[in-house]
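Take a look at the structure set out below.
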Amino acid sequence: MNYMGIDHHKQYSHMTVVDEKGKIIKTDHVLNRRREVEEFLEGCKEGLIAVIEAGRATYTMLDLLEELGVDVKMAHPLQVKAIAQAKIKTDKRDSKILAHLLRADLIPEVYRRDPENRATQRILRHRMGYVRMQTQIKNRIRTLLAKQQEEIREMAESENHLFGIRGMETLRQLKLPGKDNEMLESLIMTYGHVQRRIKQSNALVKEVYDSCEEARLISTIPGFGKFFSVLVATEIADIGRFASAAKLHSYAGVIPSTHASGEKSYHGKLVKQGNKWLRWAVVEAVWPAMRADFDVRVFYLKYAKRKGANPAKIAVARRLLTIIYRVLTEKRTYIPYKREHKRLPSCLN
């Protein structure tokens, strides 16, 4: 049995192969191309196990190696760093350390997403990129208007929804002095283009929603529309990998950091680790969930009275994650607390 550690970069990887006794068989810089990887693996591919740290482009190399018949494990980069931290760090040393950790069966693995899940992630990131651009353009238009004379500002501020149909008509009719007018026209045109791209991406999200049972179940929970339902279902991927709702809370990063020593225990800010997209989705869903569900609103108000508004918001996010966990594990739609305890017939669940 041979073991290969891969220190992966955008254009190249450093690969090191060791045998069962830890002796280095082969080590080299390899361009991330199929032909170069095949040449490196010649003579040592039989019985080879490889490990690569999770990263932005990890799946590209992982898929290539699996196509070539290599069994690949994906390591958690932070946990590997904690196990084998070194003051001298080079690509060659990193790949060698990974190979030895694999040989000793000490690789902390991360969840590997299937190609369909990764494709959905790209669709969601694509849409969020356009939404971010739309927000930036809105802010630039508001900033430009804020620098105009009072008469122009009053015309823009008279619209309750500046970027609605009537508001956009008002913006098009404004005549700003000098080059400001050209900038406004350019921003309006760019805003219209981005809006069309968002509509196209919404159609892609709807296709995913219609084909994803988990997303449709999550959409029955207050605060979650189609987009957030697809996002949460995609980031969770497989609810079976979480042994409890508390594990899902930890994965989303909505638990406080804890320092305990002796008889003293201190709870601080939220942990920095966690899935930022899942955390963002459940936190954004808090306010619409409170407006839509009386029980969620009461829970927030009681918690806020004792702990404050921000801790209460995070507590509601954890509660929503608990509901998501139960909905997905039991494969049923959401039932409000009071209705659930009336034991409705199973056909209504």
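Residue numbering restarts at 1 in every chain; chains get A, B, ... in the order shown in the structure tokens, and ligands count up from 1 in that same order.
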
Per residue of region 15-90 of chain A within 12 Å of region 117-139 of chain A, which atom pair is closest and at what distance in Å (one decimal), using only C-alpha atoms, listed by chain and increasing number, as a Markdown table?
| residue | atom | partner | partner_atom | distance |
| --- | --- | --- | --- | --- |
| A:Arg56 | CA | A:Arg118 | CA | 11.7 |
| A:Ala57 | CA | A:Arg118 | CA | 11.6 |
| A:Thr58 | CA | A:Arg118 | CA | 12.0 |
| A:Tyr59 | CA | A:Arg118 | CA | 9.3 |
| A:Thr60 | CA | A:Arg118 | CA | 11.4 |

Preceding selection exported with C-alpha atoms as an mmCIF file, in the first residue's frame:
data_model
loop_
_atom_site.group_PDB
_atom_site.id
_atom_site.type_symbol
_atom_site.label_atom_id
_atom_site.label_comp_id
_atom_site.auth_asym_id
_atom_site.auth_seq_id
_atom_site.Cartn_x
_atom_site.Cartn_y
_atom_site.Cartn_z
ATOM 1 C CA ARG A 56 -11.645 26.341 -3.349
ATOM 2 C CA ALA A 57 -10.562 24.142 -6.269
ATOM 3 C CA THR A 58 -10.001 20.850 -4.421
ATOM 4 C CA TYR A 59 -12.794 18.987 -6.190
ATOM 5 C CA THR A 60 -11.155 19.542 -9.591
#

Practice item. Would you kindly return, as a list in words, each protein, DNA or RNA residue with an atom no farther than 10 Å from any atom of Pro177 (chain A), considering only C-alpha atoms and excluding same-chain residues fewer than 4 positions away? Key: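 So the residues in contact are Gln148, Gln149, Asn181 and Glu182 of chain A.
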
Check your understanding: So which residues of region 10-156 of chain A fall under strand (DSSP E or B) by DSSP, listed as a list in words?
Key ->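 Across region 10-156 of chain A, those assigned strand (DSSP E or B) are Tyr12, Ser13, His14, Met15, Thr16, Val17, Val18, Ile24, Ile25, Lys26, Thr27, Asp28, His29, Val30, Leu31, Leu48, Ile49, Ala50, Val51, Ile52, Glu53, Asp71, Val72, Lys73, Met74, Ala75 and Glu109 of chain A.
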
Each region 270-290 of chain A residue no farther than 10 Å from region 237-257 of chain A, nearest pair in Å, only C-alpha atoms, as JSON lines:
{"residue": "A:Leu270", "atom": "CA", "partner": "A:Pro256", "partner_atom": "CA", "distance": 4.2}
{"residue": "A:Val271", "atom": "CA", "partner": "A:Ser257", "partner_atom": "CA", "distance": 5.1}
{"residue": "A:Lys272", "atom": "CA", "partner": "A:Gly253", "partner_atom": "CA", "distance": 6.9}
{"residue": "A:Gln273", "atom": "CA", "partner": "A:Gly253", "partner_atom": "CA", "distance": 6.0}
{"residue": "A:Gly274", "atom": "CA", "partner": "A:Gly253", "partner_atom": "CA", "distance": 4.3}
{"residue": "A:Asn275", "atom": "CA", "partner": "A:Ala252", "partner_atom": "CA", "distance": 4.9}
{"residue": "A:Lys276", "atom": "CA", "partner": "A:Ala252", "partner_atom": "CA", "distance": 6.8}
{"residue": "A:Trp277", "atom": "CA", "partner": "A:Ala252", "partner_atom": "CA", "distance": 8.1}
{"residue": "A:Leu278", "atom": "CA", "partner": "A:Ala252", "partner_atom": "CA", "distance": 5.6}
{"residue": "A:Arg279", "atom": "CA", "partner": "A:Ala252", "partner_atom": "CA", "distance": 5.0}
{"residue": "A:Trp280", "atom": "CA", "partner": "A:Ala252", "partner_atom": "CA", "distance": 8.7}
{"residue": "A:Ala281", "atom": "CA", "partner": "A:Ala252", "partner_atom": "CA", "distance": 9.6}
{"residue": "A:Val282", "atom": "CA", "partner": "A:Ala252", "partner_atom": "CA", "distance": 8.8}
{"residue": "A:Val283", "atom": "CA", "partner": "A:Val254", "partner_atom": "CA", "distance": 9.0}

Selected residues written out, C-alpha atoms, as a tab-separated table (two decimals), in the first residue's frame:
chain	number	residue	atom	x	y	z
A	270	LEU	CA	-20.29	33.22	18.27
A	271	VAL	CA	-17.70	30.75	17.05
A	272	LYS	CA	-15.91	31.85	13.89
A	273	GLN	CA	-15.99	28.41	12.33
A	274	GLY	CA	-19.12	27.17	10.62
A	275	ASN	CA	-20.94	27.27	7.31
A	276	LYS	CA	-21.32	31.01	6.67
A	277	TRP	CA	-24.01	30.53	4.00
A	278	LEU	CA	-26.22	28.41	6.27
A	279	ARG	CA	-25.74	30.84	9.15
A	280	TRP	CA	-26.62	33.81	6.93
A	281	ALA	CA	-29.77	32.09	5.65
A	282	VAL	CA	-31.21	31.19	9.08
A	283	VAL	CA	-30.34	34.59	10.60

**Study point:** Contacts of Lys45 (chain A) within 9 Å, only C-alpha atoms, excl. fewer than 4 positions in-chain, as a PyMOL selection string
**Key:** chain A and resi 2+41+49+68-70

Could you dump the residues just selected with N, CA and C atoms as an mmCIF file, in the first residue's frame?
data_model
loop_
_atom_site.group_PDB
_atom_site.id
_atom_site.type_symbol
_atom_site.label_atom_id
_atom_site.label_comp_id
_atom_site.auth_asym_id
_atom_site.auth_seq_id
_atom_site.Cartn_x
_atom_site.Cartn_y
_atom_site.Cartn_z
ATOM 1 N N ASN A 2 0.560 2.186 -0.884
ATOM 2 C CA ASN A 2 1.270 3.461 -0.938
ATOM 3 C C ASN A 2 0.330 4.599 -0.558
ATOM 4 N N LEU A 41 1.945 9.466 -11.686
ATOM 5 C CA LEU A 41 1.408 8.268 -11.042
ATOM 6 C C LEU A 41 1.921 6.968 -11.654
ATOM 7 N N ILE A 49 -3.520 5.274 -2.066
ATOM 8 C CA ILE A 49 -4.527 6.108 -1.405
ATOM 9 C C ILE A 49 -3.961 7.513 -1.308
ATOM 10 N N LEU A 68 -8.795 8.557 -12.558
ATOM 11 C CA LEU A 68 -7.589 7.772 -12.832
ATOM 12 C C LEU A 68 -7.497 6.539 -11.942
ATOM 13 N N GLY A 69 -8.530 6.314 -11.122
ATOM 14 C CA GLY A 69 -8.579 5.104 -10.307
ATOM 15 C C GLY A 69 -7.913 5.208 -8.954
ATOM 16 N N VAL A 70 -7.705 6.425 -8.447
ATOM 17 C CA VAL A 70 -7.065 6.621 -7.146
ATOM 18 C C VAL A 70 -8.129 6.897 -6.087
#

**Study point:** Close residues, Ile83 (chain A) itself excluded, 10 Å, only C-alpha atoms, min 5 positions apart in chain, as a count of residues only
**Key:** 6

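Minimum distance to Leu217 (chain A) across A:Ala289, A:Ala233, A:Val72, A:Leu162 (counting only C-alpha atoms) occurs at A:Ala233.
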
**Study point:** All residues 10 Å or closer to Arg33 (chain A), only C-alpha atoms, same chain fewer than 5 positions away omitted, as a ChimeraX atom specification
**Key:** /A:11-13,38,61,64

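Residue nearest Thr190 (chain A), chosen from A:Ile314, A:Ile24, A:Ile141, A:Val51 and counting only C-alpha atoms: A:Ile141.
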
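Across the structure, CA of Met168 (chain A) and CA of Glu150 (chain A) are spaced 19.1 Å apart.
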
Exercise for review: Could you jot down the CA of Tyr303 (chain A) to CA of Phe227 (chain A) separation for me, Å, one decimal place?
Suggested key: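 Interatomic distance, CA of Tyr303 (chain A) to CA of Phe227 (chain A): 28.2 Å.
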
Point to revise | Residues near Met155 (chain A), cut-off 9 Å, only C-alpha atoms, skip fewer than 4 positions along chain, as a PyMOL selection string | key: chain A and resi 150-151+159+170-171+174

Exercise for review: Using CA of Ile97 (chain A) and CA of Asn32 (chain A) as the two end points, give the distance in Å to one decimal.
Suggested key: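 Those two atoms sit 20.4 Å apart.
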